[in-house]
$ cat final-v3.cif   # mmCIF, C-alpha atoms
data_query
loop_
_atom_site.label_atom_id
_atom_site.label_comp_id
_atom_site.auth_asym_id
_atom_site.auth_seq_id
_atom_site.Cartn_x
_atom_site.Cartn_y
_atom_site.Cartn_z
CA MET F 882 0.72 14.82 -29.36
CA HIS F 883 0.38 17.74 -26.95
CA PRO F 884 3.57 19.87 -26.62
CA SER F 885 3.88 18.98 -22.92
CA ALA F 886 3.77 15.27 -23.76
CA GLU F 887 6.33 15.84 -26.52
CA ARG F 888 8.60 17.52 -23.95
CA VAL F 889 8.33 14.44 -21.72
CA GLN F 890 8.97 12.11 -24.67
CA GLN F 891 12.09 14.09 -25.56
CA ALA F 892 13.32 13.89 -21.95
CA LEU F 893 12.86 10.11 -22.05
CA ARG F 894 14.85 9.86 -25.30
CA ASP F 895 17.56 12.19 -23.99
CA GLY F 896 17.77 10.02 -20.86
CA GLY F 897 18.25 6.87 -22.93
CA VAL F 898 14.88 5.45 -21.92
CA ASP F 899 13.06 3.13 -24.30
CA SER F 900 9.53 4.12 -23.31
CA GLU F 901 6.82 5.93 -25.18
CA VAL F 902 4.37 8.49 -23.86
CA VAL F 903 0.94 6.89 -24.26
CA GLU F 904 -2.22 8.92 -24.79
CA LEU F 905 -5.24 7.60 -22.88
CA THR F 906 -8.82 7.97 -24.12
CA ASP F 907 -10.02 9.42 -20.81
CA ALA F 908 -8.22 11.74 -18.43
CA ALA F 909 -6.30 9.96 -15.69
CA THR F 910 -6.21 12.75 -13.12
CA THR F 911 -6.06 10.33 -10.18
CA ALA F 912 -4.02 7.21 -9.50
CA ALA F 913 -7.20 5.11 -9.44
CA LEU F 914 -8.30 6.37 -12.87
CA ALA F 915 -4.83 5.83 -14.33
CA ALA F 916 -4.57 2.32 -12.87
CA ALA F 917 -8.00 1.38 -14.23
CA ALA F 918 -7.14 2.71 -17.70
CA LEU F 919 -3.83 0.80 -17.75
CA GLY F 920 -4.98 -2.41 -16.07
CA VAL F 921 -2.40 -2.15 -13.29
CA THR F 922 -2.58 -1.74 -9.51
CA VAL F 923 -2.97 1.71 -7.96
CA GLY F 924 0.39 1.19 -6.26
CA GLN F 925 2.13 1.10 -9.65
CA ILE F 926 1.08 4.66 -10.41
CA ALA F 927 3.74 7.21 -9.50
CA ASN F 928 1.89 10.31 -8.35
CA SER F 929 3.83 13.52 -8.99
CA LEU F 930 2.81 15.87 -6.19
CA VAL F 931 4.14 19.37 -5.72
CA PHE F 932 4.60 20.75 -2.23
CA VAL F 933 6.02 24.01 -0.95
CA ALA F 934 8.78 23.57 1.63
CA ASP F 935 9.75 26.78 3.41
CA GLY F 936 8.50 28.74 0.40
CA GLU F 937 10.22 26.65 -2.28
CA PRO F 938 8.52 24.06 -4.53
CA VAL F 939 9.53 20.42 -4.25
CA LEU F 940 8.23 17.43 -6.22
CA VAL F 941 7.37 14.24 -4.37
CA LEU F 942 6.90 11.03 -6.36
CA THR F 943 4.80 8.60 -4.38
CA SER F 944 2.89 5.41 -4.99
CA GLY F 945 -0.75 5.99 -5.84
CA ALA F 946 -1.57 3.62 -2.99
CA ASN F 947 -0.02 6.01 -0.45
CA ARG F 948 -0.46 9.48 0.96
CA VAL F 949 2.45 11.79 1.65
CA ASP F 950 3.37 12.64 5.23
CA THR F 951 4.42 16.31 5.08
CA GLY F 952 6.22 15.92 8.41
CA LYS F 953 8.45 13.25 6.87
CA VAL F 954 9.06 15.45 3.81
CA ALA F 955 10.03 18.33 6.10
CA ALA F 956 12.43 16.10 8.03
CA VAL F 957 14.10 14.81 4.84
CA LEU F 958 14.50 18.33 3.46
CA GLY F 959 15.38 19.98 6.77
CA SER F 960 12.39 22.31 6.33
CA THR F 961 10.19 23.79 9.01
CA LYS F 962 6.93 24.01 7.02
CA VAL F 963 5.66 21.87 4.13
CA ARG F 964 2.26 22.29 2.47
CA ARG F 965 0.57 21.24 -0.77
CA ALA F 966 1.13 23.67 -3.63
CA ASP F 967 -1.77 25.43 -5.31
CA ALA F 968 -2.49 25.02 -9.03
CA HIS F 969 -0.65 28.22 -9.97
CA THR F 970 2.49 27.16 -8.09
CA VAL F 971 2.36 23.67 -9.62
CA ARG F 972 2.20 25.04 -13.17
CA ALA F 973 4.84 27.72 -12.52
CA ALA F 974 7.28 25.21 -11.01
CA THR F 975 6.77 22.33 -13.42
CA GLY F 976 5.09 23.67 -16.55
CA TYR F 977 2.36 21.06 -16.16
CA PRO F 978 -1.21 21.17 -14.86
CA ILE F 979 -2.33 19.31 -11.75
CA GLY F 980 -3.30 15.81 -12.87
CA GLY F 981 -0.63 15.73 -15.57
CA VAL F 982 2.58 16.63 -13.73
CA ALA F 983 5.40 14.55 -15.17
CA PRO F 984 8.40 13.61 -13.03
CA VAL F 985 10.76 15.00 -15.71
CA ALA F 986 11.28 18.00 -18.02
CA HIS F 987 10.15 20.73 -15.65
CA THR F 988 10.32 24.38 -16.64
CA THR F 989 12.45 25.13 -13.57
CA PRO F 990 14.79 22.81 -11.68
CA LEU F 991 13.32 21.63 -8.39
CA PRO F 992 14.24 19.09 -5.76
CA VAL F 993 12.58 15.71 -6.21
CA LEU F 994 11.94 13.03 -3.59
CA ILE F 995 10.84 9.52 -4.58
CA ASP F 996 8.98 7.28 -2.16
CA ARG F 997 10.99 4.14 -1.48
CA ASP F 998 7.70 2.22 -1.45
CA LEU F 999 7.65 2.44 -5.28
CA GLU F 1000 10.76 0.23 -5.43
CA GLN F 1001 8.68 -2.91 -4.89
CA TYR F 1002 7.12 -2.64 -8.37
CA ASP F 1003 8.83 -3.93 -11.51
CA GLU F 1004 6.78 -1.54 -13.64
CA ILE F 1005 5.69 1.99 -12.70
CA TRP F 1006 3.52 4.38 -14.68
CA ALA F 1007 3.91 8.16 -14.42
CA ALA F 1008 2.11 11.16 -15.88
CA GLY F 1009 3.27 12.22 -19.31
CA GLY F 1010 2.70 15.98 -19.08
CA THR F 1011 -1.08 16.10 -19.49
CA PRO F 1012 -4.03 14.45 -17.70
CA HIS F 1013 -4.39 12.17 -20.77
CA THR F 1014 -0.80 10.94 -21.07
CA VAL F 1015 1.40 8.46 -19.16
CA PHE F 1016 4.63 6.54 -19.63
CA ARG F 1017 6.04 3.26 -18.30
CA SER F 1018 9.20 3.22 -16.22
CA THR F 1019 10.98 1.49 -13.35
CA TYR F 1020 11.98 2.76 -9.92
CA GLY F 1021 15.66 2.99 -10.87
CA GLU F 1022 14.95 4.66 -14.17
CA LEU F 1023 12.52 7.16 -12.63
CA THR F 1024 14.98 7.96 -9.86
CA ARG F 1025 17.77 8.57 -12.36
CA LEU F 1026 15.69 10.55 -14.87
CA SER F 1027 14.13 12.85 -12.29
CA GLY F 1028 17.28 13.23 -10.20
CA ALA F 1029 15.18 12.11 -7.26
CA ARG F 1030 16.39 11.42 -3.77
CA PRO F 1031 14.89 8.20 -2.33
CA ALA F 1032 13.01 8.81 0.91
CA ASP F 1033 10.38 7.34 3.19
CA VAL F 1034 7.59 9.91 2.75
CA ARG F 1035 4.39 7.91 3.03
CA THR F 1036 2.00 8.17 5.91
CA ASP F 1037 1.54 5.18 8.16
CA GLN F 1038 -2.19 5.32 7.36
CA THR F 1039 -3.92 3.69 4.41
CA PRO F 1040 -5.67 6.16 2.09
CA GLY F 1041 -9.38 6.22 2.75
#

$ encode --input "final-v3.cif" --output "structure tokens"
Amino acid sequence: MHPSAERVQQALRDGGVDSEVVELTDAATTAALAAAALGVTVGQIANSLVFVADGEPVLVLTSGANRVDTGKVAAVLGSTKVRRADAHTVRAATGYPIGGVAPVAHTTPLPVLIDRDLEQYDEIWAAGGTPHTVFRSTYGELTRLSGARPADVRTDQTPG
């Protein structure tokens, strides 16, 4: 297993979670690809997206069926400007590449928001540290493990 996936697996064990990091045959760099590989709905995929809020990285966990409203993220954080992070910032803040950002075991501590919309699913799948790895979780477990703050961060528009 890739060292990044091993780091995620260790974080799951340390958090008392009975879930295994699963390696997929093909890369699951999007929610649609991950859902197809796992046989679940796109909404059950927890996208781990890094943004920069007033110059500081923040992780937003959102349903793969939704897009993030940066205005809502700014309001929750009390920030004036929120934008998507570039690949360098994502890796520096989390230790993971875009497409494989896990919601846990980051190289530096960062604030985490979790979209309340994910709460409707009994089973959620999140990236396991690489574009080829994922793990199963629940909303409560993911919130606890990541130290996330529940928030309404989705746009009112359906992804196109």

$ residues_near_point --input "final-v3.cif" --point "(10.6, 7.2, -8.8)" --cutoff "9 Å" --atoms "only C-alpha atoms" --output "count of residues only"
27

$ atom_distance --input "final-v3.cif" --atom1 "atom CA of F:Tyr977" --atom2 "atom CA of F:Ser885"
7.2 Å

$ resolve_selection --input "final-v3.cif" --expression "the PyMOL selection byres ((chain F and resi 913) around 12)" --output "list in words"
Ala908, Ala909, Thr910, Thr911, Ala912, Leu914, Ala915, Ala916, Ala917, Ala918, Leu919, Gly920, Val921, Thr922, Val923, Gly924, Gln925, Ile926, Ala927, Asn928, Ser944, Gly945, Ala946, Asn947, Gly980, Trp1006 and Pro1040 of chain F

$ closest_residue --input "final-v3.cif" --among "F:Thr1011, F:Thr906, F:Thr1036, F:Thr970" --to "F:Val949" --atoms "all atoms listed in the file"
F:Thr1036

$ residues_around --input "final-v3.cif" --residues "F:Ala974" --least-positions-apart "2" --cutoff "7 Å" --atoms "only C-alpha atoms" --output "VMD selection string"
chain F and resid 938 970 to 972 976 988 to 989

$ write_last_selection --input "final-v3.cif" --atoms "C-alpha atoms" --output "CSV table (one decimal), in the coordinates of the input"
chain,number,residue,atom,x,y,z
F,938,PRO,CA,8.5,24.1,-4.5
F,970,THR,CA,2.5,27.2,-8.1
F,971,VAL,CA,2.4,23.7,-9.6
F,972,ARG,CA,2.2,25.0,-13.2
F,976,GLY,CA,5.1,23.7,-16.6
F,988,THR,CA,10.3,24.4,-16.6
F,989,THR,CA,12.4,25.1,-13.6

$ residues_around --input "final-v3.cif" --residues "F:Phe932" --least-positions-apart "2" --cutoff "9 Å" --atoms "only C-alpha atoms" --output "list of chain:residue names"
F:Leu930, F:Ala934, F:Glu937, F:Pro938, F:Val939, F:Leu940, F:Val941, F:Thr951, F:Val963, F:Arg964, F:Arg965, F:Ala966, F:Asp967, F:Thr970, F:Val971

$ atom_distance --input "final-v3.cif" --atom1 "atom CA of F:Ala968" --atom2 "atom CA of F:Arg894"
28.2 Å

$ atom_distance --input "final-v3.cif" --atom1 "atom CA of F:Val993" --atom2 "atom CA of F:Ser929"
9.4 Å

$ build_atoms --input "final-v3.cif" --residues "stretch 973-1008 of chain F" --atoms "N, CA and C atoms" --output "CSV table (one decimal), in the frame of the given file"
chain,number,residue,atom,x,y,z
F,973,ALA,N,3.7,26.9,-12.4
F,973,ALA,CA,4.8,27.7,-12.5
F,973,ALA,C,6.1,26.9,-12.3
F,974,ALA,N,6.1,26.0,-11.4
F,974,ALA,CA,7.3,25.2,-11.0
F,974,ALA,C,7.6,24.1,-12.0
F,975,THR,N,6.5,23.5,-12.6
F,975,THR,CA,6.8,22.3,-13.4
F,975,THR,C,6.5,22.6,-14.9
F,976,GLY,N,5.5,23.5,-15.2
F,976,GLY,CA,5.1,23.7,-16.6
F,976,GLY,C,3.9,22.8,-16.9
F,977,TYR,N,3.5,22.0,-15.9
F,977,TYR,CA,2.4,21.1,-16.2
F,977,TYR,C,1.2,21.4,-15.3
F,978,PRO,N,0.0,21.0,-15.7
F,978,PRO,CA,-1.2,21.2,-14.9
F,978,PRO,C,-1.3,20.1,-13.8
F,979,ILE,N,-2.0,20.4,-12.7
F,979,ILE,CA,-2.3,19.3,-11.8
F,979,ILE,C,-3.1,18.2,-12.5
F,980,GLY,N,-2.7,17.0,-12.2
F,980,GLY,CA,-3.3,15.8,-12.9
F,980,GLY,C,-2.5,15.3,-14.1
F,981,GLY,N,-1.5,16.1,-14.4
F,981,GLY,CA,-0.6,15.7,-15.6
F,981,GLY,C,0.8,16.0,-15.3
F,982,VAL,N,1.2,16.3,-14.1
F,982,VAL,CA,2.6,16.6,-13.7
F,982,VAL,C,3.5,15.4,-14.0
F,983,ALA,N,4.4,15.6,-14.9
F,983,ALA,CA,5.4,14.6,-15.2
F,983,ALA,C,6.6,14.7,-14.2
F,984,PRO,N,7.3,13.6,-13.9
F,984,PRO,CA,8.4,13.6,-13.0
F,984,PRO,C,9.7,14.2,-13.7
F,985,VAL,N,9.6,14.5,-15.0
F,985,VAL,CA,10.8,15.0,-15.7
F,985,VAL,C,10.4,16.2,-16.5
F,986,ALA,N,11.4,16.9,-17.1
F,986,ALA,CA,11.3,18.0,-18.0
F,986,ALA,C,10.5,19.2,-17.5
F,987,HIS,N,10.8,19.6,-16.3
F,987,HIS,CA,10.2,20.7,-15.6
F,987,HIS,C,10.7,22.0,-16.2
F,988,THR,N,9.9,23.1,-16.1
F,988,THR,CA,10.3,24.4,-16.6
F,988,THR,C,11.4,25.0,-15.8
F,989,THR,N,11.4,24.7,-14.5
F,989,THR,CA,12.4,25.1,-13.6
F,989,THR,C,13.0,23.9,-12.8
F,990,PRO,N,14.3,23.9,-12.5
F,990,PRO,CA,14.8,22.8,-11.7
F,990,PRO,C,14.2,22.9,-10.3
F,991,LEU,N,13.8,21.7,-9.8
F,991,LEU,CA,13.3,21.6,-8.4
F,991,LEU,C,13.7,20.3,-7.8
F,992,PRO,N,13.9,20.3,-6.4
F,992,PRO,CA,14.2,19.1,-5.8
F,992,PRO,C,13.1,18.1,-5.9
F,993,VAL,N,13.5,16.8,-6.0
F,993,VAL,CA,12.6,15.7,-6.2
F,993,VAL,C,12.9,14.6,-5.2
F,994,LEU,N,11.8,14.2,-4.5
F,994,LEU,CA,11.9,13.0,-3.6
F,994,LEU,C,11.1,11.9,-4.2
F,995,ILE,N,11.6,10.7,-4.1
F,995,ILE,CA,10.8,9.5,-4.6
F,995,ILE,C,10.6,8.6,-3.4
F,996,ASP,N,9.4,8.2,-3.2
F,996,ASP,CA,9.0,7.3,-2.2
F,996,ASP,C,9.6,5.9,-2.4
F,997,ARG,N,10.3,5.4,-1.4
F,997,ARG,CA,11.0,4.1,-1.5
F,997,ARG,C,10.0,3.0,-1.7
F,998,ASP,N,8.7,3.2,-1.3
F,998,ASP,CA,7.7,2.2,-1.4
F,998,ASP,C,7.5,1.8,-2.9
F,999,LEU,N,7.8,2.7,-3.9
F,999,LEU,CA,7.6,2.4,-5.3
F,999,LEU,C,8.6,1.4,-5.8
F,1000,GLU,N,9.7,1.2,-5.0
F,1000,GLU,CA,10.8,0.2,-5.4
F,1000,GLU,C,10.3,-1.2,-5.5
F,1001,GLN,N,9.2,-1.5,-4.9
F,1001,GLN,CA,8.7,-2.9,-4.9
F,1001,GLN,C,8.1,-3.3,-6.2
F,1002,TYR,N,7.8,-2.3,-7.1
F,1002,TYR,CA,7.1,-2.6,-8.4
F,1002,TYR,C,8.1,-2.7,-9.5
F,1003,ASP,N,8.0,-3.8,-10.3
F,1003,ASP,CA,8.8,-3.9,-11.5
F,1003,ASP,C,8.5,-2.9,-12.6
F,1004,GLU,N,7.2,-2.5,-12.6
F,1004,GLU,CA,6.8,-1.5,-13.6
F,1004,GLU,C,6.0,-0.4,-12.9
F,1005,ILE,N,6.4,0.8,-13.3
F,1005,ILE,CA,5.7,2.0,-12.7
F,1005,ILE,C,5.2,2.8,-13.9
F,1006,TRP,N,4.1,3.5,-13.7
F,1006,TRP,CA,3.5,4.4,-14.7
F,1006,TRP,C,3.5,5.8,-14.1
F,1007,ALA,N,3.9,6.8,-14.9
F,1007,ALA,CA,3.9,8.2,-14.4
F,1007,ALA,C,3.2,9.0,-15.4
F,1008,ALA,N,2.8,10.2,-15.0
F,1008,ALA,CA,2.1,11.2,-15.9
F,1008,ALA,C,3.1,11.6,-17.0
